[in-house]
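Following: one structure in structure tokens, then a few remarks.
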Amino acid sequence: MVDGARTLELFRFADTVQSVAVEVTCDAPLAMGKERYYPAEIVLKSDFVNGRVGLRVSHEDLDEWERCLDALQAEEGTEWPAGGRSAWLEVVPDDPLEVTVHDSPSTQIAVHVPIDVASDWLEENRLRLDRVRAAVSASP
């Protein structure tokens, strides 16, 4: 839990110097038609640059993130979330892992972050996904 509003990390790529994470607020979703969107932020921290950019995450986005994790496990690059409606990121499973955060369509700024992830990064991120899914399923 990130704060008292049931904000959870959907995923985190981190080493001792820098990190990129997505924090999802699992309470009070915004309903648009049949879909529910949860406020979220991509959070980038490093000695060089720190920033946050907002986005909204749906149940479909969570399913897509699971497919992204499968692609990363197969050593394929991935982009998330799809659709170009908000900020997004690109992950390339090199050594080190490469994460590029894109603030599109807003500012068109992109920040590239190489991260020496721990060996259990994939399992940890699957657990984070499971926790967020449980929390949004339990929300009103």
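Identifiers in the structure tokens: chain A, B, ... in order shown; residue index from 1 per chain; ligand index from 1 in order shown.
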Residues of region 22-74 of chain A that have any atom at most 12 Å from an atom of region 107-130 of chain A: could you tabulate them with the shortest-distance atom pair and the distance in Å to one decimal, using only C-alpha atoms, ordered by chain and increasing number, as a tab-separated table?
```
residue	atom	partner	partner_atom	distance
A:Val22	CA	A:Arg128	CA	10.2
A:Glu23	CA	A:Arg128	CA	10.2
A:Val24	CA	A:Leu129	CA	10.4
A:Ile42	CA	A:Val111	CA	11.6
A:Val43	CA	A:Val111	CA	11.5
A:Leu44	CA	A:Val113	CA	8.7
A:Lys45	CA	A:Val113	CA	9.5
A:Ser46	CA	A:Val113	CA	8.6
A:Asp47	CA	A:Val113	CA	11.2
A:Phe48	CA	A:Val113	CA	10.2
A:Val49	CA	A:Val111	CA	8.8
A:Asn50	CA	A:Val111	CA	10.0
A:Gly51	CA	A:Val111	CA	9.7
A:Arg52	CA	A:Val111	CA	11.4
A:Val53	CA	A:Thr107	CA	10.4
A:His59	CA	A:Leu129	CA	11.1
A:Asp61	CA	A:Leu129	CA	10.9
A:Leu62	CA	A:Leu129	CA	7.3
A:Asp63	CA	A:Leu129	CA	9.3
A:Glu64	CA	A:Leu129	CA	10.9
A:Trp65	CA	A:Leu129	CA	8.1
A:Glu66	CA	A:Leu129	CA	7.6
A:Arg67	CA	A:Arg126	CA	10.8
A:Cys68	CA	A:Arg126	CA	10.6
A:Leu69	CA	A:Leu122	CA	7.2
A:Asp70	CA	A:Leu122	CA	9.2
A:Ala71	CA	A:Leu122	CA	10.9
A:Leu72	CA	A:Leu122	CA	8.3
A:Gln73	CA	A:Leu122	CA	7.3
A:Ala74	CA	A:Leu122	CA	11.1
```
Using only C-alpha atoms: which of A:Pro39, A:Val99, A:Ala135, A:Ser104 has the shortest distance to Ala82 (chain A):
A:Ser104
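Compared by their closest atoms to Gly84 (chain A), and using only C-alpha atoms, the residues A:Leu55, A:Ala40, A:Leu10, A:Leu97 rank with A:Leu55 nearest.
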I need the residue nearest Glu79 (chain A) from this list: A:Val57, A:Asp94, A:His102, A:Ala28. Use only C-alpha atoms for the distance.
A:His102
If you run DSSP on the backbone, which residues of region 41-102 of chain A are alpha helix (DSSP H), as a PyMOL selection string?
chain A and resi 59-73
Based on the selection just made, write C-alpha atoms of those residues as a short mmCIF file (atom, residue, chain, number, x, y, z; two decimals), in the first residue's frame.
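Written out: out.cif:
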```
data_model
loop_
_atom_site.label_atom_id
_atom_site.label_comp_id
_atom_site.auth_asym_id
_atom_site.auth_seq_id
_atom_site.Cartn_x
_atom_site.Cartn_y
_atom_site.Cartn_z
CA HIS A 59 -9.57 -4.09 -16.03
CA GLU A 60 -8.66 -4.60 -19.70
CA ASP A 61 -5.36 -2.77 -19.08
CA LEU A 62 -4.62 -5.18 -16.21
CA ASP A 63 -5.22 -8.12 -18.56
CA GLU A 64 -2.95 -6.48 -21.11
CA TRP A 65 -0.24 -6.00 -18.48
CA GLU A 66 -0.36 -9.73 -17.77
CA ARG A 67 0.23 -10.37 -21.49
CA CYS A 68 3.13 -7.89 -21.34
CA LEU A 69 4.68 -9.82 -18.46
CA ASP A 70 4.36 -13.00 -20.55
CA ALA A 71 6.11 -11.24 -23.45
CA LEU A 72 8.90 -10.03 -21.17
CA GLN A 73 9.34 -13.54 -19.79
#
```
Ranking A:Ser86, A:Thr25, A:Ser58, A:Ser19 by minimum distance to Thr7 (chain A) and counting only C-alpha atoms, which one comes first?
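Residue with the minimum atom-to-atom distance to Thr7 (chain A): A:Thr25.
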Mind checking DSSP for region 7-133 of chain A and telling me the strand (DSSP E) residues as a ChimeraX atom specification?
/A:7-14,19-25,30-32,35-45,51-58,78-80,88-92,97-103,109-115
Atom pair CA of Val92 (chain A) + CA of Gln18 (chain A), distance 16.1 Å
List the neighbours of Ser139 (chain A) out to 10 Å using only C-alpha atoms; skip same-chain residues closer than 4 positions along the sequence, and give me the result as a ChimeraX atom specification.
/A:6,26-29,134-135
So how far away is CA of Val136 (chain A) from CA of Pro105 (chain A), in Å?
26.3 Å
Using only C-alpha atoms, pick whichever of A:Ser106, A:Trp80, A:Arg56, A:Arg131 has the shortest atom-to-atom distance to Met32 (chain A).
A:Arg56
d(CA of Val20 (chain A), CA of Val91 (chain A)) in Å:
10.5 Å
